[in-house]
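**Q** Structure file entry_30.csv (CSV, N, CA and C atoms) right here:
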chain,number,residue,atom,x,y,z
O,1,MET,N,-3.4,-31.6,-20.1
O,1,MET,CA,-3.9,-31.1,-21.4
O,1,MET,C,-5.3,-31.6,-21.7
O,2,LYS,N,-5.5,-32.9,-21.4
O,2,LYS,CA,-6.8,-33.5,-21.7
O,2,LYS,C,-7.9,-32.8,-20.9
O,3,GLU,N,-7.6,-32.5,-19.7
O,3,GLU,CA,-8.6,-31.8,-18.9
O,3,GLU,C,-8.9,-30.4,-19.4
O,4,PHE,N,-7.8,-29.7,-19.8
O,4,PHE,CA,-8.0,-28.4,-20.4
O,4,PHE,C,-8.9,-28.4,-21.7
O,5,ARG,N,-8.6,-29.4,-22.5
O,5,ARG,CA,-9.4,-29.5,-23.7
O,5,ARG,C,-10.8,-29.8,-23.4
O,6,ARG,N,-11.1,-30.6,-22.4
O,6,ARG,CA,-12.5,-30.9,-22.0
O,6,ARG,C,-13.1,-29.6,-21.5
O,7,TRP,N,-12.4,-28.8,-20.7
O,7,TRP,CA,-13.0,-27.5,-20.2
O,7,TRP,C,-13.4,-26.6,-21.3
O,8,VAL,N,-12.5,-26.5,-22.3
O,8,VAL,CA,-12.8,-25.7,-23.5
O,8,VAL,C,-14.0,-26.3,-24.2
O,9,PHE,N,-14.1,-27.6,-24.5
O,9,PHE,CA,-15.2,-28.2,-25.1
O,9,PHE,C,-16.5,-28.0,-24.4
O,10,GLU,N,-16.4,-28.1,-23.1
O,10,GLU,CA,-17.6,-28.0,-22.2
O,10,GLU,C,-18.0,-26.5,-22.0
O,11,GLY,N,-17.3,-25.6,-22.5
O,11,GLY,CA,-17.6,-24.2,-22.4
O,11,GLY,C,-17.3,-23.6,-21.1
O,12,LYS,N,-16.4,-24.2,-20.3
O,12,LYS,CA,-16.1,-23.6,-19.0
O,12,LYS,C,-15.2,-22.4,-19.1
O,13,LEU,N,-14.6,-22.2,-20.2
O,13,LEU,CA,-13.8,-21.0,-20.5
O,13,LEU,C,-14.5,-20.2,-21.6
O,14,PRO,N,-15.6,-19.5,-21.3
O,14,PRO,CA,-16.4,-18.9,-22.3
O,14,PRO,C,-15.7,-17.7,-23.0
O,15,ASP,N,-14.7,-17.1,-22.3
O,15,ASP,CA,-14.0,-16.0,-22.9
O,15,ASP,C,-12.5,-16.4,-22.9
O,16,SER,N,-11.9,-16.2,-24.0
O,16,SER,CA,-10.5,-16.7,-24.1
O,16,SER,C,-9.6,-16.0,-23.1
O,17,ARG,N,-10.0,-14.8,-22.6
O,17,ARG,CA,-9.2,-14.1,-21.5
O,17,ARG,C,-9.3,-14.9,-20.2
O,18,ASP,N,-10.3,-15.7,-20.1
O,18,ASP,CA,-10.4,-16.5,-18.8
O,18,ASP,C,-9.2,-17.4,-18.5
O,19,VAL,N,-8.5,-17.8,-19.6
O,19,VAL,CA,-7.3,-18.6,-19.4
O,19,VAL,C,-6.2,-17.9,-18.6
O,20,ARG,N,-6.2,-16.6,-18.6
O,20,ARG,CA,-5.2,-15.8,-17.8
O,20,ARG,C,-5.4,-16.1,-16.3
O,21,ASP,N,-6.6,-16.4,-15.9
O,21,ASP,CA,-6.9,-16.6,-14.4
O,21,ASP,C,-6.8,-18.0,-14.0
O,22,LEU,N,-6.7,-18.9,-15.0
O,22,LEU,CA,-6.8,-20.3,-14.7
O,22,LEU,C,-5.7,-20.8,-13.7
O,23,SER,N,-4.5,-20.4,-13.8
O,23,SER,CA,-3.4,-20.9,-12.9
O,23,SER,C,-3.8,-20.5,-11.5
O,24,ASP,N,-4.3,-19.2,-11.3
O,24,ASP,CA,-4.6,-18.8,-9.9
O,24,ASP,C,-5.8,-19.6,-9.4
O,25,ILE,N,-6.8,-19.8,-10.3
O,25,ILE,CA,-8.0,-20.6,-9.9
O,25,ILE,C,-7.6,-22.0,-9.5
O,26,LEU,N,-6.7,-22.6,-10.3
O,26,LEU,CA,-6.3,-24.0,-10.0
O,26,LEU,C,-5.5,-24.1,-8.7
O,27,ALA,N,-5.0,-23.0,-8.2
O,27,ALA,CA,-4.2,-23.0,-6.9
O,27,ALA,C,-5.1,-22.7,-5.7
O,28,ASP,N,-6.4,-22.5,-5.9
O,28,ASP,CA,-7.3,-22.2,-4.8
O,28,ASP,C,-8.4,-23.2,-4.8
O,29,GLN,N,-8.5,-24.0,-3.7
O,29,GLN,CA,-9.5,-25.1,-3.7
O,29,GLN,C,-10.9,-24.6,-3.8
O,30,ASN,N,-11.3,-23.5,-3.2
O,30,ASN,CA,-12.6,-22.9,-3.3
O,30,ASN,C,-12.9,-22.5,-4.7
O,31,ALA,N,-11.9,-21.8,-5.3
O,31,ALA,CA,-12.1,-21.3,-6.7
O,31,ALA,C,-12.2,-22.4,-7.7
O,32,ILE,N,-11.4,-23.5,-7.5
O,32,ILE,CA,-11.5,-24.6,-8.5
O,32,ILE,C,-12.8,-25.3,-8.4
O,33,ALA,N,-13.3,-25.4,-7.2
O,33,ALA,CA,-14.6,-26.1,-7.0
O,33,ALA,C,-15.7,-25.3,-7.7
O,34,LYS,N,-15.7,-24.0,-7.7
O,34,LYS,CA,-16.7,-23.2,-8.4
O,34,LYS,C,-16.4,-23.4,-9.9
O,35,PHE,N,-15.2,-23.3,-10.3
O,35,PHE,CA,-14.9,-23.5,-11.8
O,35,PHE,C,-15.3,-24.8,-12.3
O,36,LYS,N,-15.1,-25.9,-11.6
O,36,LYS,CA,-15.4,-27.2,-12.1
O,36,LYS,C,-17.0,-27.4,-12.2
O,37,LYS,N,-17.7,-26.6,-11.4
O,37,LYS,CA,-19.2,-26.6,-11.5
O,37,LYS,C,-19.6,-25.7,-12.7
O,38,GLY,N,-18.7,-25.1,-13.4
O,38,GLY,CA,-19.0,-24.3,-14.6
O,38,GLY,C,-19.3,-22.8,-14.2
O,39,ASP,N,-18.8,-22.4,-13.1
O,39,ASP,CA,-19.0,-21.0,-12.6
O,39,ASP,C,-17.7,-20.3,-12.6
O,40,MET,N,-17.3,-19.8,-13.8
O,40,MET,CA,-16.1,-19.1,-13.9
O,40,MET,C,-16.2,-17.7,-13.2
O,41,ARG,N,-17.3,-17.1,-13.3
O,41,ARG,CA,-17.5,-15.8,-12.6
O,41,ARG,C,-17.3,-16.0,-11.1
O,42,GLY,N,-18.0,-17.1,-10.5
O,42,GLY,CA,-17.9,-17.4,-9.1
O,42,GLY,C,-16.4,-17.7,-8.7
O,43,ALA,N,-15.7,-18.4,-9.6
O,43,ALA,CA,-14.3,-18.8,-9.3
O,43,ALA,C,-13.5,-17.5,-9.2
O,44,LYS,N,-13.7,-16.6,-10.1
O,44,LYS,CA,-13.0,-15.3,-10.1
O,44,LYS,C,-13.3,-14.5,-8.8
O,45,GLN,N,-14.6,-14.5,-8.4
O,45,GLN,CA,-15.0,-13.8,-7.2
O,45,GLN,C,-14.3,-14.4,-6.0
O,46,VAL,N,-14.1,-15.7,-5.9
O,46,VAL,CA,-13.4,-16.3,-4.8
O,46,VAL,C,-11.9,-15.8,-4.8
O,47,LEU,N,-11.3,-15.7,-6.0
O,47,LEU,CA,-9.9,-15.2,-6.1
O,47,LEU,C,-9.8,-13.8,-5.6
O,48,PHE,N,-10.8,-12.9,-6.1
O,48,PHE,CA,-10.7,-11.5,-5.8
O,48,PHE,C,-11.0,-11.2,-4.4
O,49,ALA,N,-11.9,-12.0,-3.7
O,49,ALA,CA,-12.1,-11.9,-2.3
O,49,ALA,C,-10.9,-12.2,-1.5
O,50,ALA,N,-10.1,-13.2,-2.0
O,50,ALA,CA,-8.9,-13.7,-1.3
O,50,ALA,C,-7.8,-12.7,-1.5
O,51,ASN,N,-7.7,-12.1,-2.7
O,51,ASN,CA,-6.6,-11.2,-3.0
O,51,ASN,C,-7.2,-10.0,-3.8
O,52,PRO,N,-7.5,-8.9,-3.0
O,52,PRO,CA,-8.1,-7.8,-3.7
O,52,PRO,C,-7.2,-7.0,-4.6
O,53,SER,N,-5.9,-7.3,-4.5
O,53,SER,CA,-4.9,-6.6,-5.4
O,53,SER,C,-5.1,-7.1,-6.9
O,54,LEU,N,-5.8,-8.2,-7.1
O,54,LEU,CA,-6.0,-8.7,-8.5
O,54,LEU,C,-6.9,-7.8,-9.2
O,55,VAL,N,-7.8,-7.0,-8.5
O,55,VAL,CA,-8.8,-6.2,-9.2
O,55,VAL,C,-8.7,-4.7,-8.7
O,56,SER,N,-7.8,-4.4,-7.8
O,56,SER,CA,-7.7,-3.0,-7.2
O,56,SER,C,-6.3,-2.5,-7.3
O,57,GLY,N,-6.2,-1.4,-8.0
O,57,GLY,CA,-4.9,-0.7,-8.1
O,57,GLY,C,-4.4,-0.3,-6.8
O,58,LEU,N,-5.3,0.1,-5.9
O,58,LEU,CA,-4.9,0.5,-4.5
O,58,LEU,C,-4.2,-0.6,-3.8
O,59,TYR,N,-4.9,-1.8,-3.8
O,59,TYR,CA,-4.3,-2.9,-3.0
O,59,TYR,C,-3.1,-3.5,-3.7
O,60,SER,N,-3.0,-3.3,-5.0
O,60,SER,CA,-1.8,-3.7,-5.7
O,60,SER,C,-0.6,-2.9,-5.3
O,61,VAL,N,-0.8,-1.6,-5.2
O,61,VAL,CA,0.2,-0.7,-4.7
O,61,VAL,C,0.6,-1.0,-3.2
O,62,VAL,N,-0.4,-1.3,-2.4
O,62,VAL,CA,-0.2,-1.6,-1.0
O,62,VAL,C,0.8,-2.9,-1.0
O,63,ASP,N,0.5,-3.9,-1.8
O,63,ASP,CA,1.3,-5.1,-1.9
O,63,ASP,C,2.7,-4.7,-2.3
O,64,GLN,N,2.9,-3.8,-3.3
O,64,GLN,CA,4.2,-3.4,-3.7
O,64,GLN,C,4.9,-2.7,-2.7
O,65,ALA,N,4.2,-1.7,-2.0
O,65,ALA,CA,4.9,-1.0,-0.9
O,65,ALA,C,5.4,-1.9,0.2
O,66,ALA,N,4.5,-2.8,0.6
O,66,ALA,CA,4.8,-3.7,1.7
O,66,ALA,C,6.1,-4.6,1.3
O,67,SER,N,6.1,-5.0,0.1
O,67,SER,CA,7.2,-5.8,-0.4
O,67,SER,C,8.5,-5.0,-0.4
O,68,GLU,N,8.4,-3.7,-0.9
O,68,GLU,CA,9.6,-2.9,-0.9
O,68,GLU,C,10.1,-2.6,0.6
O,69,LEU,N,9.2,-2.4,1.5
O,69,LEU,CA,9.6,-2.1,2.9
O,69,LEU,C,10.2,-3.3,3.6
O,70,ARG,N,9.6,-4.5,3.2
O,70,ARG,CA,10.2,-5.7,3.8
O,70,ARG,C,11.7,-5.9,3.4
O,71,GLY,N,12.0,-5.5,2.2
O,71,GLY,CA,13.3,-5.7,1.6
O,71,GLY,C,14.1,-4.4,1.6
O,72,ILE,N,13.8,-3.5,2.4
O,72,ILE,CA,14.5,-2.1,2.4
O,72,ILE,C,16.0,-2.3,2.5
O,73,PRO,N,16.7,-1.7,1.6
O,73,PRO,CA,18.2,-1.8,1.7
O,73,PRO,C,18.8,-1.2,2.9
O,74,LEU,N,19.9,-1.7,3.4
O,74,LEU,CA,20.6,-1.2,4.5
O,74,LEU,C,20.9,0.3,4.3
O,75,SER,N,21.3,0.7,3.1
O,75,SER,CA,21.6,2.1,2.9
O,75,SER,C,20.4,3.0,3.1
O,76,GLU,N,19.2,2.5,2.8
O,76,GLU,CA,18.1,3.4,3.1
O,76,GLU,C,17.8,3.5,4.6
O,77,LEU,N,18.0,2.4,5.3
O,77,LEU,CA,17.9,2.4,6.8
O,77,LEU,C,18.9,3.4,7.4
O,78,GLU,N,20.1,3.3,6.9
O,78,GLU,CA,21.1,4.2,7.4
O,78,GLU,C,20.8,5.7,7.1
O,79,ASP,N,20.2,6.0,5.9
O,79,ASP,CA,19.8,7.3,5.6
O,79,ASP,C,18.8,7.8,6.6
O,80,LEU,N,17.8,7.0,6.9
O,80,LEU,CA,16.8,7.3,7.9
O,80,LEU,C,17.4,7.5,9.2
O,81,ARG,N,18.2,6.6,9.6
O,81,ARG,CA,18.9,6.7,10.9
O,81,ARG,C,19.7,8.0,11.0
O,82,ASN,N,20.3,8.5,9.9
O,82,ASN,CA,21.1,9.7,9.9
O,82,ASN,C,20.3,10.9,9.6
O,83,GLY,N,18.9,10.8,9.6
O,83,GLY,CA,18.1,12.0,9.6
O,83,GLY,C,17.7,12.5,8.2
O,84,ALA,N,17.7,11.7,7.2
O,84,ALA,CA,17.2,12.1,5.8
O,84,ALA,C,15.8,12.6,5.9
O,85,GLN,N,15.6,13.9,6.0
O,85,GLN,CA,14.3,14.4,6.3
O,85,GLN,C,13.2,14.2,5.2
O,86,ALA,N,13.6,14.2,3.9
O,86,ALA,CA,12.7,14.0,2.8
O,86,ALA,C,12.2,12.6,2.8
O,87,LYS,N,13.1,11.6,3.1
O,87,LYS,CA,12.7,10.2,3.2
O,87,LYS,C,11.9,9.9,4.4
O,88,LEU,N,12.2,10.5,5.5
O,88,LEU,CA,11.5,10.4,6.7
O,88,LEU,C,10.1,10.9,6.5
O,89,GLN,N,9.9,12.0,5.8
O,89,GLN,CA,8.6,12.6,5.6
O,89,GLN,C,7.7,11.7,4.8
O,90,LYS,N,8.3,11.0,3.8
O,90,LYS,CA,7.6,10.1,3.0
O,90,LYS,C,7.0,9.0,3.9
O,91,LEU,N,7.8,8.4,4.8
O,91,LEU,CA,7.3,7.4,5.7
O,91,LEU,C,6.2,7.9,6.6
O,92,ARG,N,6.4,9.2,7.1
O,92,ARG,CA,5.4,9.8,8.0
O,92,ARG,C,4.1,10.0,7.2
O,93,ASP,N,4.2,10.4,6.0
O,93,ASP,CA,3.0,10.6,5.2
O,93,ASP,C,2.2,9.3,5.0
O,94,LEU,N,3.0,8.2,4.7
O,94,LEU,CA,2.4,6.9,4.6
O,94,LEU,C,1.7,6.4,5.9
O,95,HIS,N,2.4,6.6,6.9
O,95,HIS,CA,1.9,6.2,8.3
O,95,HIS,C,0.6,7.0,8.6
O,96,GLN,N,0.6,8.3,8.3
O,96,GLN,CA,-0.6,9.1,8.5
O,96,GLN,C,-1.8,8.7,7.7
O,97,ALA,N,-1.5,8.4,6.4
O,97,ALA,CA,-2.6,7.9,5.5
O,97,ALA,C,-3.2,6.6,6.0
O,98,ILE,N,-2.3,5.7,6.5
O,98,ILE,CA,-2.8,4.4,7.0
O,98,ILE,C,-3.6,4.6,8.3
O,99,GLU,N,-3.1,5.5,9.2
O,99,GLU,CA,-3.9,5.8,10.4
O,99,GLU,C,-5.2,6.5,10.1
O,100,ASN,N,-5.3,7.3,9.1
O,100,ASN,CA,-6.6,7.9,8.7
O,100,ASN,C,-7.6,6.9,8.2
O,101,VAL,N,-7.1,5.9,7.4
O,101,VAL,CA,-8.0,4.8,6.9
O,101,VAL,C,-8.5,4.1,8.1
O,102,ALA,N,-7.6,3.7,9.1
O,102,ALA,CA,-8.0,3.0,10.3
O,102,ALA,C,-9.1,3.8,11.1
O,103,LYS,N,-8.8,5.1,11.2
O,103,LYS,CA,-9.7,5.9,12.0
O,103,LYS,C,-11.1,6.0,11.4
O,104,HIS,N,-11.1,6.2,10.1
O,104,HIS,CA,-12.4,6.4,9.4
O,104,HIS,C,-13.2,5.1,9.2
O,105,THR,N,-12.5,4.0,9.3
O,105,THR,CA,-13.2,2.7,9.1
O,105,THR,C,-13.5,2.0,10.5
O,106,GLY,N,-12.8,2.5,11.5
O,106,GLY,CA,-13.0,1.9,12.8
O,106,GLY,C,-12.3,0.6,13.0
O,107,ILE,N,-11.3,0.4,12.2
O,107,ILE,CA,-10.5,-0.8,12.3
O,107,ILE,C,-9.3,-0.6,13.1
O,108,LYS,N,-8.8,-1.6,13.7
O,108,LYS,CA,-7.6,-1.6,14.5
O,108,LYS,C,-6.5,-2.3,13.8
O,109,LEU,N,-5.4,-1.6,13.6
O,109,LEU,CA,-4.2,-2.2,12.9
O,109,LEU,C,-3.1,-2.6,13.8
Go ahead and render the structure in this file as structure tokens.
**A**
Amino acid sequence: MKEFRRWVFEGKLPDSRDVRDLSDILADQNAIAKFKKGDMRGAKQVLFAANPSLVSGLYSVVDQAASELRGIPLSELEDLRNGAQAKLQKLRDLHQAIENVAKHTGIKL
């Protein structure tokens, strides 16, 4: 609490909304180093570079989809195994979209 009060007093949190990012900043050594130098914008940039889903709806959805697929219920796997065409088409569409991104950017996944 003492350190937080000092940061407020020293103006390291110029916008009250900056408090929302403080826990993430404190969890990242590079971000906290920038923050302690009085560079809140730089600290946020470090966070955003490390986790683009913090500022991009696209990457937030990618995170959510990856999480859902990692925890896919057995019943969904069974549906796919048994030929649920509508569900299979959704996965094919996702796969194709990812392949298109890779192709257009020249990245290998």
**Q** Can you work out which one of O:Pro52, O:Leu47, O:Asp18, O:Asn82 has the shortest atom-to-atom distance to O:Asn30, counting all atoms listed in the file?
**A**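 Using all atoms listed in the file, the shortest distance to O:Asn30 belongs to O:Leu47.
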**Q** Atom C of O:Val62 and atom N of O:Leu94, how far apart in Å?
**A**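 Atom-to-atom, atom N of O:Leu94 and atom C of O:Val62 are spaced 12.7 Å apart.
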**Q** What does the structure give for the distance between atom CA of O:Ala43 and atom CA of O:Ile25, in Å to one decimal?
**A**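 Atom CA of O:Ile25 lies at a distance of 6.6 Å from atom CA of O:Ala43.
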**Q** Find the distance between atom CA of O:Ala50 and atom CA of O:Asp28 and write it in Å to one decimal.
**A** 9.3 Å
**Q** Between O:Lys2, O:Arg20, O:Lys12, O:Arg81, which one has atoms that come closest to O:Lys36, using only N, CA and C atoms?
**A**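 Comparing O:Lys2, O:Arg20, O:Lys12, O:Arg81 against O:Lys36, the winner is O:Lys12.
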**Q** Might you pull out every residue within 8 Å of O:Leu13, with all atoms listed in the file counted and same-chain residues fewer than 6 positions away left off, and present them as a list in words?
**A** Arg6, Trp7, Val19, Gly38 and Met40 of chain O
**Q** From stretch 10-95 of chain O, collect each residue whose DSSP state is alpha helix (DSSP H) and return the set as an NGL selection string.
**A** :O and (19-26 or 29-36 or 40-50 or 57-70 or 74-81 or 85-95)
